[in-house]
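Pasted below: input.tsv, TSV, C-alpha atoms and all ligand atoms.
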```
chain	number	residue	atom	x	y	z
V	1	MET	CA	-72.78	-14.74	-40.18
V	2	PRO	CA	-73.45	-17.92	-42.15
V	3	SER	CA	-71.29	-20.84	-41.22
V	4	VAL	CA	-68.77	-22.10	-43.74
V	5	TYR	CA	-70.96	-25.19	-44.31
V	6	GLN	CA	-73.86	-23.09	-45.39
V	7	LEU	CA	-71.72	-21.65	-48.15
V	8	LEU	CA	-70.51	-25.00	-49.46
V	9	PRO	CA	-71.18	-25.54	-53.14
V	10	THR	CA	-73.48	-28.49	-54.02
V	11	THR	CA	-73.49	-30.88	-56.98
V	12	ASP	CA	-76.78	-32.68	-56.76
V	13	GLY	CA	-79.49	-30.37	-55.73
V	14	GLY	CA	-78.48	-29.40	-52.26
V	15	LYS	CA	-76.13	-32.28	-51.20
V	16	PRO	CA	-72.64	-30.85	-50.46
V	17	ASP	CA	-69.70	-32.09	-52.56
V	18	GLU	CA	-67.86	-34.31	-50.01
V	19	GLN	CA	-64.46	-34.07	-51.69
V	20	LEU	CA	-64.66	-30.31	-51.70
V	21	THR	CA	-65.89	-30.31	-48.11
V	22	ARG	CA	-62.86	-32.38	-47.02
V	23	LYS	CA	-60.53	-30.11	-48.92
V	24	ILE	CA	-61.96	-27.04	-47.25
V	25	LYS	CA	-61.72	-28.75	-43.85
V	26	ARG	CA	-58.07	-29.58	-44.51
V	27	GLU	CA	-57.40	-26.00	-45.51
V	28	LYS	CA	-59.05	-24.80	-42.36
V	29	ILE	CA	-57.03	-27.18	-40.17
V	30	LYS	CA	-53.87	-26.08	-41.97
V	31	LYS	CA	-54.74	-22.45	-41.29
V	32	ILE	CA	-55.39	-23.13	-37.62
V	33	LEU	CA	-52.12	-25.06	-37.32
V	34	PHE	CA	-50.27	-22.27	-39.07
V	35	HIS	CA	-51.69	-19.74	-36.65
V	36	VAL	CA	-50.88	-21.90	-33.62
V	37	LEU	CA	-47.31	-22.33	-34.88
V	38	ALA	CA	-46.92	-18.65	-35.67
V	39	VAL	CA	-48.21	-17.63	-32.24
V	40	SER	CA	-45.91	-20.20	-30.55
V	41	ALA	CA	-42.91	-18.95	-32.52
V	42	ILE	CA	-43.70	-15.36	-31.58
V	43	MET	CA	-44.03	-16.37	-27.93
V	44	VAL	CA	-40.70	-18.23	-27.99
V	45	ILE	CA	-38.96	-15.27	-29.63
V	46	ALA	CA	-40.56	-12.88	-27.18
V	47	ALA	CA	-39.49	-15.06	-24.22
V	48	GLN	CA	-35.94	-15.22	-25.54
V	49	GLY	CA	-35.93	-11.48	-26.08
V	50	LEU	CA	-37.23	-10.93	-22.56
V	51	ARG	CA	-34.57	-13.27	-21.14
V	52	ALA	CA	-31.81	-11.46	-23.10
V	53	PHE	CA	-33.20	-8.14	-21.94
V	54	ILE	CA	-33.22	-9.27	-18.30
V	55	ARG	CA	-29.68	-10.69	-18.66
V	56	SER	CA	-28.34	-7.55	-20.27
V	57	SER	CA	-30.16	-5.39	-17.71
V	58	GLU	CA	-28.50	-7.41	-14.95
V	59	ARG	CA	-25.15	-6.98	-16.70
V	60	PHE	CA	-25.87	-3.33	-17.26
V	61	LEU	CA	-26.42	-2.91	-13.54
V	62	GLN	CA	-23.40	-5.07	-12.76
V	63	TYR	CA	-21.06	-3.31	-15.19
V	64	GLY	CA	-22.58	0.11	-15.01
V	65	GLY	CA	-23.45	0.20	-18.69
V	66	LYS	CA	-20.35	2.07	-19.76
V	67	GLY	CA	-17.49	0.62	-17.84
V	68	CYS	CA	-14.64	2.40	-19.59
V	69	HIS	CA	-13.36	4.32	-16.66
V	70	GLY	CA	-14.64	2.31	-13.76
V	71	MET	CA	-16.70	5.18	-12.38
V	72	GLN	CA	-19.96	3.27	-12.25
V	73	ARG	CA	-21.84	1.51	-9.48
V	74	ASN	CA	-21.78	-2.20	-8.87
V	75	LEU	CA	-18.67	-2.93	-10.86
V	76	SER	CA	-17.50	-6.44	-10.44
V	77	SER	CA	-13.75	-6.20	-10.53
V	78	LEU	CA	-10.98	-8.74	-10.73
V	79	PRO	CA	-8.13	-8.92	-8.21
V	80	SER	CA	-5.93	-5.85	-8.31
V	81	HIS	CA	-2.94	-7.82	-6.93
V	82	TYR	CA	-1.48	-11.29	-6.63
V	83	SER	CA	0.70	-12.49	-3.78
V	84	LEU	CA	4.26	-13.61	-4.50
V	85	PRO	CA	6.17	-16.28	-2.55
V	86	SER	CA	8.16	-13.46	-0.88
V	87	GLY	CA	4.92	-12.07	0.52
V	88	ASP	CA	5.10	-9.04	-1.79
V	89	LYS	CA	1.98	-8.05	-3.67
V	90	ILE	CA	2.28	-7.60	-7.42
V	91	PRO	CA	-0.34	-5.45	-9.18
V	92	SER	CA	-2.24	-7.46	-11.79
V	93	VAL	CA	-2.06	-4.74	-14.45
V	94	ALA	CA	1.22	-3.06	-15.39
V	95	LEU	CA	2.26	-0.55	-17.98
V	96	GLY	CA	4.42	-2.38	-20.53
V	97	CYS	CA	7.34	-0.24	-21.75
V	98	TRP	CA	8.62	-2.46	-24.56
V	99	LYS	CA	8.42	-0.69	-27.93
V	100	SER	CA	7.68	2.67	-26.30
V	101	SER	CA	10.15	4.99	-27.95
V	102	PRO	CA	12.41	7.37	-26.10
V	103	GLY	CA	10.61	10.68	-25.98
V	104	GLU	CA	7.28	8.88	-25.60
V	105	VAL	CA	7.84	6.50	-22.75
V	106	GLY	CA	8.31	9.15	-20.03
V	107	GLN	CA	4.96	10.79	-20.62
V	108	ALA	CA	3.35	7.33	-20.85
V	109	VAL	CA	4.73	6.42	-17.43
V	110	LYS	CA	3.55	9.73	-16.01
V	111	ALA	CA	0.06	9.21	-17.47
V	112	ALA	CA	0.01	5.70	-16.05
V	113	LEU	CA	1.04	6.71	-12.54
V	114	ASN	CA	-1.46	9.52	-12.68
V	115	ALA	CA	-4.22	7.10	-13.68
V	116	GLY	CA	-3.38	4.82	-10.76
V	117	TYR	CA	-0.93	2.25	-12.17
V	118	ARG	CA	1.65	1.14	-9.64
V	119	HIS	CA	3.41	-1.52	-11.71
V	120	ILE	CA	5.88	-0.57	-14.44
V	121	ASP	CA	7.45	-3.28	-16.58
V	122	ASP	CA	10.80	-2.37	-18.11
V	123	ALA	CA	14.07	-3.99	-19.19
V	124	TRP	CA	17.67	-3.00	-19.84
V	125	ILE	CA	17.35	-3.94	-23.51
V	126	TYR	CA	14.41	-1.57	-24.09
V	127	GLY	CA	16.92	1.27	-23.83
V	128	ASN	CA	14.47	3.57	-22.04
V	129	GLU	CA	15.13	2.95	-18.34
V	130	LYS	CA	16.56	6.41	-17.77
V	131	GLU	CA	13.48	8.16	-19.10
V	132	VAL	CA	11.24	5.78	-17.18
V	133	GLY	CA	13.21	6.42	-13.97
V	134	LYS	CA	12.90	10.17	-14.37
V	135	ALA	CA	9.16	9.97	-14.99
V	136	ILE	CA	8.75	7.85	-11.89
V	137	LYS	CA	10.71	10.33	-9.80
V	138	ASP	CA	8.81	13.30	-11.23
V	139	SER	CA	5.48	11.65	-10.44
V	140	GLY	CA	6.17	11.93	-6.72
V	141	VAL	CA	4.64	8.50	-6.07
V	142	PRO	CA	6.51	7.06	-3.07
V	143	ARG	CA	8.88	4.25	-4.02
V	144	ASP	CA	7.35	1.78	-1.60
V	145	GLN	CA	4.02	2.07	-3.41
V	146	LEU	CA	5.56	1.05	-6.72
V	147	PHE	CA	6.37	-2.28	-8.30
V	148	ILE	CA	9.22	-1.93	-10.81
V	149	THR	CA	10.47	-4.75	-13.01
V	150	SER	CA	13.69	-4.90	-14.99
V	151	LYS	CA	15.34	-7.76	-16.88
V	152	LEU	CA	18.81	-9.23	-17.24
V	153	TRP	CA	19.89	-9.22	-20.87
V	154	ASN	CA	21.36	-12.28	-22.62
V	155	SER	CA	24.88	-10.81	-22.67
V	156	PHE	CA	25.17	-10.67	-18.89
V	157	HIS	CA	24.32	-14.17	-17.66
V	158	ALA	CA	27.86	-14.89	-16.48
V	159	PRO	CA	27.77	-14.52	-12.67
V	160	GLU	CA	30.45	-11.80	-12.69
V	161	ASP	CA	28.48	-9.71	-15.20
V	162	ILE	CA	25.15	-9.78	-13.42
V	163	GLU	CA	25.62	-7.26	-10.64
V	164	PRO	CA	27.14	-4.60	-12.94
V	165	ALA	CA	24.23	-5.08	-15.35
V	166	LEU	CA	21.74	-4.76	-12.52
V	167	ASP	CA	23.54	-1.69	-11.16
V	168	GLU	CA	23.27	-0.05	-14.56
V	169	SER	CA	19.51	-0.58	-14.54
V	170	LEU	CA	19.18	0.60	-10.95
V	171	LYS	CA	21.09	3.75	-11.76
V	172	ALA	CA	19.02	4.47	-14.87
V	173	LEU	CA	15.78	3.79	-13.02
V	174	ASP	CA	17.05	5.93	-10.15
V	175	THR	CA	16.18	3.37	-7.52
V	176	GLU	CA	18.05	1.33	-4.94
V	177	TYR	CA	16.24	-1.93	-5.72
V	178	VAL	CA	13.91	-3.48	-8.26
V	179	ASP	CA	10.80	-5.32	-7.15
V	180	MET	CA	11.29	-7.95	-9.83
V	181	TYR	CA	14.31	-8.92	-11.89
V	182	LEU	CA	13.84	-11.45	-14.67
V	183	ILE	CA	16.19	-13.51	-16.77
V	184	HIS	CA	14.95	-12.03	-20.04
V	185	TRP	CA	15.51	-15.15	-22.19
V	186	PRO	CA	16.68	-18.68	-21.47
V	187	ILE	CA	19.58	-17.84	-23.77
V	188	ALA	CA	23.04	-16.75	-22.64
V	189	TRP	CA	25.40	-14.99	-25.03
V	190	LYS	CA	29.11	-14.66	-24.69
V	191	LYS	CA	29.67	-11.13	-23.53
V	192	ASP	CA	30.39	-8.61	-26.32
V	193	GLU	CA	30.06	-11.33	-28.96
V	194	ASN	CA	26.35	-12.05	-29.28
V	195	VAL	CA	27.12	-15.71	-29.84
V	196	LEU	CA	25.55	-18.47	-27.86
V	197	ASP	CA	27.20	-19.47	-24.61
V	198	LYS	CA	26.12	-23.10	-24.78
V	199	GLU	CA	27.27	-23.99	-21.31
V	200	LEU	CA	25.42	-21.19	-19.49
V	201	THR	CA	22.40	-21.61	-21.72
V	202	ALA	CA	22.19	-25.33	-21.00
V	203	ASN	CA	22.70	-24.73	-17.30
V	204	PRO	CA	21.24	-21.47	-15.94
V	205	TYR	CA	21.88	-22.46	-12.31
V	206	PRO	CA	25.02	-20.30	-11.82
V	207	THR	CA	23.11	-17.29	-13.14
V	208	TRP	CA	20.23	-18.03	-10.80
V	209	GLN	CA	22.51	-18.46	-7.79
V	210	LYS	CA	23.97	-15.02	-8.40
V	211	LEU	CA	20.46	-13.55	-8.62
V	212	GLU	CA	19.60	-15.22	-5.30
V	213	GLU	CA	22.66	-13.56	-3.81
V	214	LEU	CA	21.44	-10.19	-5.05
V	215	VAL	CA	18.06	-10.81	-3.43
V	216	ASP	CA	19.85	-11.39	-0.15
V	217	LYS	CA	21.85	-8.23	-0.73
V	218	GLY	CA	18.59	-6.23	-1.05
V	219	LYS	CA	19.03	-5.04	-4.63
V	220	ILE	CA	16.25	-7.30	-5.93
V	221	ARG	CA	13.08	-8.20	-4.07
V	222	ASN	CA	11.83	-11.05	-6.32
V	223	ILE	CA	13.42	-13.04	-9.12
V	224	GLY	CA	11.77	-14.59	-12.11
V	225	ILE	CA	12.19	-15.70	-15.67
V	226	SER	CA	10.88	-14.75	-19.07
V	227	ASN	CA	10.28	-16.67	-22.30
V	228	PHE	CA	10.90	-20.01	-20.58
V	229	ASN	CA	8.83	-22.97	-21.79
V	230	ILE	CA	7.99	-25.89	-19.49
V	231	ALA	CA	11.19	-27.78	-20.35
V	232	ARG	CA	13.32	-24.69	-19.64
V	233	VAL	CA	11.58	-24.03	-16.32
V	234	LYS	CA	12.14	-27.65	-15.27
V	235	ASN	CA	15.76	-27.37	-16.35
V	236	LEU	CA	16.15	-24.50	-13.89
V	237	THR	CA	13.94	-25.67	-11.04
V	238	GLY	CA	15.52	-29.14	-11.12
V	239	ASN	CA	18.36	-27.51	-9.15
V	240	ALA	CA	18.28	-26.91	-5.41
V	241	LEU	CA	17.03	-23.33	-5.64
V	242	LYS	CA	16.95	-21.08	-2.62
V	243	TYR	CA	14.21	-18.97	-4.23
V	244	GLN	CA	11.79	-20.40	-6.78
V	245	PRO	CA	11.04	-18.26	-9.84
V	246	ALA	CA	8.15	-16.05	-8.77
V	247	VAL	CA	6.91	-15.31	-12.29
V	248	ASN	CA	7.47	-16.29	-15.89
V	249	GLN	CA	6.83	-13.47	-18.35
V	250	VAL	CA	5.73	-14.88	-21.70
V	251	GLU	CA	3.79	-13.91	-24.78
V	252	LEU	CA	0.09	-14.44	-24.14
V	253	ASN	CA	-2.67	-13.08	-26.30
V	254	PHE	CA	-5.74	-14.15	-28.28
V	255	PHE	CA	-3.55	-15.59	-31.02
V	256	ASN	CA	-1.13	-17.33	-28.67
V	257	PRO	CA	-3.03	-18.20	-25.47
V	258	GLN	CA	-0.74	-21.08	-24.33
V	259	PRO	CA	-3.32	-22.91	-22.18
V	260	GLU	CA	-0.95	-25.81	-21.38
V	261	LEU	CA	1.79	-23.54	-20.10
V	262	LEU	CA	-0.79	-21.61	-18.09
V	263	LYS	CA	-2.17	-24.74	-16.45
V	264	TRP	CA	1.27	-26.19	-15.75
V	265	SER	CA	2.47	-22.90	-14.26
V	266	LYS	CA	-0.57	-22.69	-11.98
V	267	ASP	CA	-0.06	-26.28	-10.88
V	268	ASN	CA	3.56	-25.44	-10.11
V	269	GLY	CA	3.03	-22.13	-8.33
V	270	ILE	CA	4.53	-19.85	-10.97
V	271	LEU	CA	2.55	-16.78	-11.96
V	272	LEU	CA	2.53	-15.95	-15.66
V	273	GLU	CA	2.88	-12.38	-16.88
V	274	ALA	CA	1.35	-11.69	-20.29
V	275	TYR	CA	3.45	-9.59	-22.65
V	276	SER	CA	1.98	-8.43	-25.96
V	277	PRO	CA	-1.43	-9.09	-24.37
V	278	LEU	CA	-3.29	-7.19	-27.09
V	279	GLY	CA	-1.30	-8.81	-29.88
V	280	SER	CA	1.43	-6.14	-29.93
V	281	ASN	CA	1.62	-3.25	-32.38
V	282	ASP	CA	1.17	-5.44	-35.47
V	283	ASN	CA	-1.84	-7.48	-34.35
V	284	VAL	CA	-3.72	-5.26	-31.93
V	285	LYS	CA	-6.25	-4.19	-34.57
V	286	LYS	CA	-6.93	-7.79	-35.51
V	287	ALA	CA	-7.23	-8.85	-31.86
V	288	LEU	CA	-9.68	-6.11	-30.98
V	289	SER	CA	-11.80	-6.95	-34.05
V	290	VAL	CA	-12.27	-10.61	-33.15
V	291	PRO	CA	-16.08	-11.12	-33.31
V	292	GLU	CA	-16.26	-12.65	-29.82
V	293	VAL	CA	-14.29	-9.72	-28.37
V	294	GLN	CA	-16.58	-7.25	-30.12
V	295	GLU	CA	-19.74	-9.08	-29.03
V	296	ILE	CA	-18.66	-9.24	-25.39
V	297	ALA	CA	-17.64	-5.57	-25.43
V	298	THR	CA	-21.05	-4.58	-26.79
V	299	GLU	CA	-22.92	-6.79	-24.36
V	300	LEU	CA	-21.05	-5.47	-21.33
V	301	GLY	CA	-20.66	-1.88	-22.46
V	302	ILE	CA	-16.87	-1.96	-22.05
V	303	THR	CA	-14.18	-1.50	-24.70
V	304	PRO	CA	-12.66	-4.40	-26.70
V	305	ALA	CA	-9.27	-3.73	-25.09
V	306	GLN	CA	-10.88	-3.95	-21.65
V	307	VAL	CA	-12.46	-7.27	-22.63
V	308	VAL	CA	-9.07	-8.70	-23.60
V	309	ILE	CA	-7.19	-7.28	-20.62
V	310	SER	CA	-9.92	-8.50	-18.25
V	311	TRP	CA	-9.76	-11.97	-19.84
V	312	HIS	CA	-6.02	-12.12	-19.09
V	313	VAL	CA	-6.49	-11.27	-15.42
V	314	GLN	CA	-9.44	-13.64	-15.18
V	315	ARG	CA	-7.17	-16.39	-16.54
V	316	GLY	CA	-5.00	-15.72	-13.50
V	317	THR	CA	-2.16	-13.87	-15.19
V	318	ILE	CA	-0.55	-10.49	-14.72
V	319	VAL	CA	-1.07	-8.37	-17.80
V	320	LEU	CA	1.29	-5.81	-19.31
V	321	PRO	CA	-0.52	-3.76	-21.96
V	322	LYS	CA	1.76	-1.30	-23.71
V	323	SER	CA	0.47	2.10	-24.72
V	324	VAL	CA	1.83	5.59	-25.14
V	325	THR	CA	-1.67	7.08	-25.48
V	326	PRO	CA	-2.96	8.57	-22.20
V	327	SER	CA	-6.65	7.76	-22.82
V	328	ARG	CA	-5.79	4.13	-23.65
V	329	ILE	CA	-3.45	3.90	-20.69
V	330	GLU	CA	-6.31	4.86	-18.41
V	331	GLU	CA	-8.78	2.60	-20.21
V	332	ASN	CA	-6.47	-0.41	-19.91
V	333	LEU	CA	-6.24	-0.22	-16.13
V	334	HIS	CA	-9.91	-1.05	-15.60
V	335	VAL	CA	-10.55	-4.75	-15.59
V	336	PHE	CA	-13.89	-6.45	-15.02
V	337	LYS	CA	-14.88	-9.98	-14.21
V	338	LEU	CA	-16.50	-11.33	-17.36
V	339	PRO	CA	-19.57	-13.48	-16.72
V	340	ASP	CA	-18.51	-17.14	-16.83
V	341	ASP	CA	-20.26	-17.90	-20.12
V	342	LEU	CA	-18.59	-14.95	-21.87
V	343	PHE	CA	-15.21	-15.81	-20.37
V	344	GLU	CA	-15.56	-19.37	-21.67
V	345	LYS	CA	-16.65	-18.08	-25.06
V	346	LEU	CA	-13.45	-16.06	-25.39
V	347	GLU	CA	-11.27	-18.81	-23.96
V	348	ASN	CA	-12.72	-21.29	-26.50
V	349	ALA	CA	-12.37	-18.84	-29.37
V	350	SER	CA	-8.71	-18.27	-28.45
V	351	VAL	CA	-7.89	-21.96	-28.80
V	352	SER	CA	-10.01	-22.58	-31.89
V	353	HIS	CA	-7.16	-21.70	-34.26
V	354	PRO	CA	-3.51	-22.78	-34.47
V	355	PRO	CA	-1.36	-20.72	-32.08
V	356	GLN	CA	0.61	-17.96	-33.68
V	357	ARG	CA	3.47	-16.14	-31.96
V	358	THR	CA	4.11	-12.47	-32.39
V	359	LEU	CA	7.74	-12.81	-31.37
V	360	ASN	CA	10.34	-15.47	-32.01
V	361	PRO	CA	13.91	-14.18	-32.34
V	362	SER	CA	15.49	-17.65	-32.85
V	363	LYS	CA	16.35	-17.00	-36.51
V	364	SER	CA	17.59	-13.44	-36.10
V	365	TRP	CA	19.83	-14.67	-33.27
V	366	ASN	CA	21.16	-17.50	-35.44
V	367	LEU	CA	20.48	-19.98	-32.69
V	368	GLY	CA	20.20	-22.92	-35.05
V	369	PHE	CA	17.21	-24.14	-33.04
V	370	ASP	CA	13.87	-22.75	-31.90
V	371	VAL	CA	14.04	-21.20	-28.46
V	372	PHE	CA	10.42	-22.24	-27.87
V	373	ASP	CA	10.91	-25.91	-28.77
V	374	GLU	CA	10.53	-28.26	-25.84
V	375	LYS	CA	13.57	-30.22	-27.09
V	376	TRP	CA	16.86	-28.49	-27.75
V	377	PRO	CA	19.77	-30.01	-29.67
V	378	PHE	CA	22.08	-29.90	-26.65
N	401	LIG	P1	-0.37	2.97	-28.59
N	401	LIG	O1	0.89	2.65	-27.82
N	401	LIG	O2	-0.10	3.80	-29.79
N	401	LIG	O3	-1.45	3.52	-27.72
N	401	LIG	P2	0.50	-4.90	-26.63
N	401	LIG	O4	0.11	-4.39	-25.30
N	401	LIG	O5	-0.13	-6.22	-26.97
N	401	LIG	O6	1.97	-4.91	-26.85
N	401	LIG	O7	-0.11	-3.91	-27.73
N	401	LIG	C1	0.39	-2.62	-27.90
N	401	LIG	C2	-0.35	-1.95	-29.03
N	401	LIG	O8	-1.72	-1.81	-28.68
N	401	LIG	C3	0.15	-0.57	-29.31
N	401	LIG	O9	0.09	-0.37	-30.71
N	401	LIG	C4	-0.84	0.34	-28.58
N	401	LIG	O10	-0.93	1.59	-29.22
N	401	LIG	C5	-2.12	-0.44	-28.76
N	401	LIG	N1	-3.09	-0.23	-27.68
N	401	LIG	C6	-2.86	-0.22	-26.36
N	401	LIG	N2	-3.99	-0.03	-25.67
N	401	LIG	C7	-4.98	0.07	-26.57
N	401	LIG	C8	-6.38	0.30	-26.47
N	401	LIG	N3	-6.97	0.44	-25.31
N	401	LIG	N4	-7.09	0.36	-27.62
N	401	LIG	C9	-6.49	0.23	-28.82
N	401	LIG	N5	-5.17	0.01	-28.98
N	401	LIG	C10	-4.41	-0.06	-27.86
```

Could you quickly redo this structure as structure tokens?
Ligand code: A2P
Amino acid sequence: MPSVYQLLPTTDGGKPDEQLTRKIKREKIKKILFHVLAVSAIMVIAAQGLRAFIRSSERFLQYGGKGCHGMQRNLSSLPSHYSLPSGDKIPSVALGCWKSSPGEVGQAVKAALNAGYRHIDDAWIYGNEKEVGKAIKDSGVPRDQLFITSKLWNSFHAPEDIEPALDESLKALDTEYVDMYLIHWPIAWKKDENVLDKELTANPYPTWQKLEELVDKGKIRNIGISNFNIARVKNLTGNALKYQPAVNQVELNFFNPQPELLKWSKDNGILLEAYSPLGSNDNVKKALSVPEVQEIATELGITPAQVVISWHVQRGTIVLPKSVTPSRIEENLHVFKLPDDLFEKLENASVSHPPQRTLNPSKSWNLGFDVFDEKWPF
């Protein structure tokens, strides 16, 4: 093959045109550079692809590729229980019974117990304790293997009203004791009037003392609170309590992750329980479509709901997903430790927008103030 120089055009009888020669040289250098760059880019992309492949292969092995039902090898699971100050163990995933209609809730509880749940979260105000109690009995699961929660409604905070309210729940649930009894809201109503009892709301200590008495009587194993913000917790724990609140059940989800409350509660030894963890009926679709949730689900081969439920447990909270659909009930029980980078990705995404609550009954209760405000007018 002739070299490129041999083909150069000439202007004066054989002498190459220098300008043209330089131009051709430049073109050649450009071409070589282009090729070097292209090859480097391909190598970088290939290396990245290889790294991603290795990472996802590792995760595939770790998560079993399709982690929906936890049947695979090498699953890396999160804690199934937390310890309470009483020494009791509380399962980290519970079946939430709020918004499960009568006629539906019983079969949901049965499906849950069948799938392996041992923690059922209920409340007097949900109006379904009888059906839940029957389903529990029918399941044949021994009582001492179960963790059952009920909650004291706003109308019964007066010390003399507490034991009858608890007894009603115990009777409906067909049990001699509840494992956890929560003050449902930091709001006391005058009985039969649904108007604020300012005194008992401002000072929940008499209510708490009665609950402590019922612990000693054996009708309640652990006491806790629900929907209390930091100021409300301090308002209670500022008293000389015999038993500290074991848990605080609050709304926690992608749209309302409450990182400050979570940190403060950890620092102060109070476990948080996440209600509406998937965003509740109205926002579950939106929550499960969050790009980060979808990406993590795809990468790990688990479902978006499992990503979110796992994230809650990995944050150190108890999680109470509600479902009346047996396949979802089973799916929701299986939590997996998200790799740290993916956990952080979701945590950051959850705080990258203004918090938005699913539930705030302050207006419908005509409180005249926001129950979640740190400062109250009295
Ligand atoms: P359903 O009860 O019809 O199965 P939260 O736990 O935040 O309160 O959300 C409850 C809502 O989320 C319900 O509408 C419930 O529907 C739905 N849900 C529960 N588990 C799943 C799941 N694994 N996938 C999709 N939706 C779910």

So that I can see what lies close to segment 80-86 of chain V, please list as an NGL selection string the residues with an atom at most 10 Å from it, counting only C-alpha atoms and leaving out residues fewer than 2 positions away in the same chain. :V and (77-78 or 88-93 or 221-223 or 243-247 or 269-271 or 313 or 316-318 or 333-335)

Edge lengths and centre in Å, axis-aligned, ligand LIG 401 (chain N) plus 5 Å each side, as lines of an AutoDock Vina configuration file:
```
center_x = -2.6
center_y = -1.2
center_z = -28.0
size_x = 19.1
size_y = 20.0
size_z = 15.4
```

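Restricting the calculation to only C-alpha atoms, the smallest distance between Pro277 of chain V and any of V:Lys363, V:Pro204, V:Leu95, V:Asp192 is found for V:Leu95.
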
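Atom CA of Cys97 of chain V is found 18.2 Å from atom CA of Val141 of chain V.
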
Under the rule that all atoms listed in the file are counted, which of V:Gly133, V:Gly127, V:Gly279, V:Gly368 is the nearest residue to ligand LIG 401 (chain N)? V:Gly279

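The coordinates place atom CA of Ser100 of chain V at 24.0 Å from atom CA of Asn194 of chain V.
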
Within 12 Å of (13.7, -32.0, -26.7) (coordinates as in the file), grab all the protein and nucleic acid residues, counting all atoms listed in the file, and write them out as an mmCIF file with C-alpha atoms, keeping the file's coordinate frame.
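Here's the written file result.cif:
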```cif
data_model
loop_
_atom_site.group_PDB
_atom_site.id
_atom_site.type_symbol
_atom_site.label_atom_id
_atom_site.label_comp_id
_atom_site.auth_asym_id
_atom_site.auth_seq_id
_atom_site.Cartn_x
_atom_site.Cartn_y
_atom_site.Cartn_z
ATOM 1 C CA ASN V 229 8.830 -22.970 -21.790
ATOM 2 C CA ILE V 230 7.990 -25.890 -19.490
ATOM 3 C CA ALA V 231 11.190 -27.780 -20.350
ATOM 4 C CA ARG V 232 13.320 -24.690 -19.640
ATOM 5 C CA ASN V 235 15.760 -27.370 -16.350
ATOM 6 C CA PHE V 369 17.210 -24.140 -33.040
ATOM 7 C CA ASP V 370 13.870 -22.750 -31.900
ATOM 8 C CA VAL V 371 14.040 -21.200 -28.460
ATOM 9 C CA PHE V 372 10.420 -22.240 -27.870
ATOM 10 C CA ASP V 373 10.910 -25.910 -28.770
ATOM 11 C CA GLU V 374 10.530 -28.260 -25.840
ATOM 12 C CA LYS V 375 13.570 -30.220 -27.090
ATOM 13 C CA TRP V 376 16.860 -28.490 -27.750
ATOM 14 C CA PRO V 377 19.770 -30.010 -29.670
ATOM 15 C CA PHE V 378 22.080 -29.900 -26.650
#
```

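Atom to atom, atom CA of Phe147 of chain V and atom CA of Arg118 of chain V stand 6.0 Å apart.
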
Residues within 10 Å of ligand LIG 401 (chain N) (all atoms listed in the file), as a PyMOL selection string? chain V and resi 68+95-101+104-105+108+251-254+274-285+287-288+303-309+319-333+358

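When all atoms listed in the file are used to compute distances to Lys263 of chain V, the closest of the residues V:Lys151, V:Arg315, V:Lys345, V:Lys217 turns out to be V:Arg315.
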
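Remark: for Val250 of chain V, the closest of the candidate residues V:Phe336, V:Leu359, V:Lys286, V:Asp161 is V:Leu359 (distances computed over all atoms listed in the file).
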
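With only C-alpha atoms as the atoms that count, the minimum distance from Asn360 of chain V to the choices V:Leu272, V:Pro291, V:Asn227, V:Thr149 is reached by V:Asn227.
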
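The smallest atom-to-atom distance between Thr298 of chain V and any of V:Leu214, V:Trp264, V:Leu342, V:Leu166, using all atoms listed in the file, is found for V:Leu342.
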
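Contact shell of Ile125 of chain V at 10 Å (all atoms listed in the file; same-chain neighbours under 2 positions omitted): V:Trp98, V:Asp122, V:Ala123, V:Gly127, V:Asn128, V:Glu129, V:Ser150, V:Lys151, V:Leu152, V:Trp153, V:Asn154, V:Ser169, V:His184.
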
Output segment 219-226 of chain V with N, CA and C atoms present, as a short mmCIF file (atom, residue, chain, number, x, y, z; two decimals), keeping the file's coordinate frame.
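Generated file (out-v8.cif):
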```
data_model
loop_
_atom_site.label_atom_id
_atom_site.label_comp_id
_atom_site.auth_asym_id
_atom_site.auth_seq_id
_atom_site.Cartn_x
_atom_site.Cartn_y
_atom_site.Cartn_z
N LYS V 219 19.17 -5.82 -3.39
CA LYS V 219 19.03 -5.04 -4.63
C LYS V 219 17.85 -5.53 -5.49
N ILE V 220 17.39 -6.72 -5.20
CA ILE V 220 16.25 -7.30 -5.93
C ILE V 220 15.30 -7.87 -4.89
N ARG V 221 14.01 -7.64 -5.06
CA ARG V 221 13.08 -8.20 -4.07
C ARG V 221 12.52 -9.58 -4.50
N ASN V 222 12.35 -9.77 -5.82
CA ASN V 222 11.83 -11.05 -6.32
C ASN V 222 12.55 -11.37 -7.63
N ILE V 223 12.79 -12.67 -7.85
CA ILE V 223 13.42 -13.04 -9.12
C ILE V 223 12.49 -13.94 -9.93
N GLY V 224 12.62 -13.80 -11.22
CA GLY V 224 11.77 -14.59 -12.11
C GLY V 224 12.45 -14.80 -13.44
N ILE V 225 11.66 -15.34 -14.36
CA ILE V 225 12.19 -15.70 -15.67
C ILE V 225 11.24 -15.15 -16.74
N SER V 226 11.72 -15.22 -17.97
CA SER V 226 10.88 -14.75 -19.07
C SER V 226 11.18 -15.60 -20.31
#
```
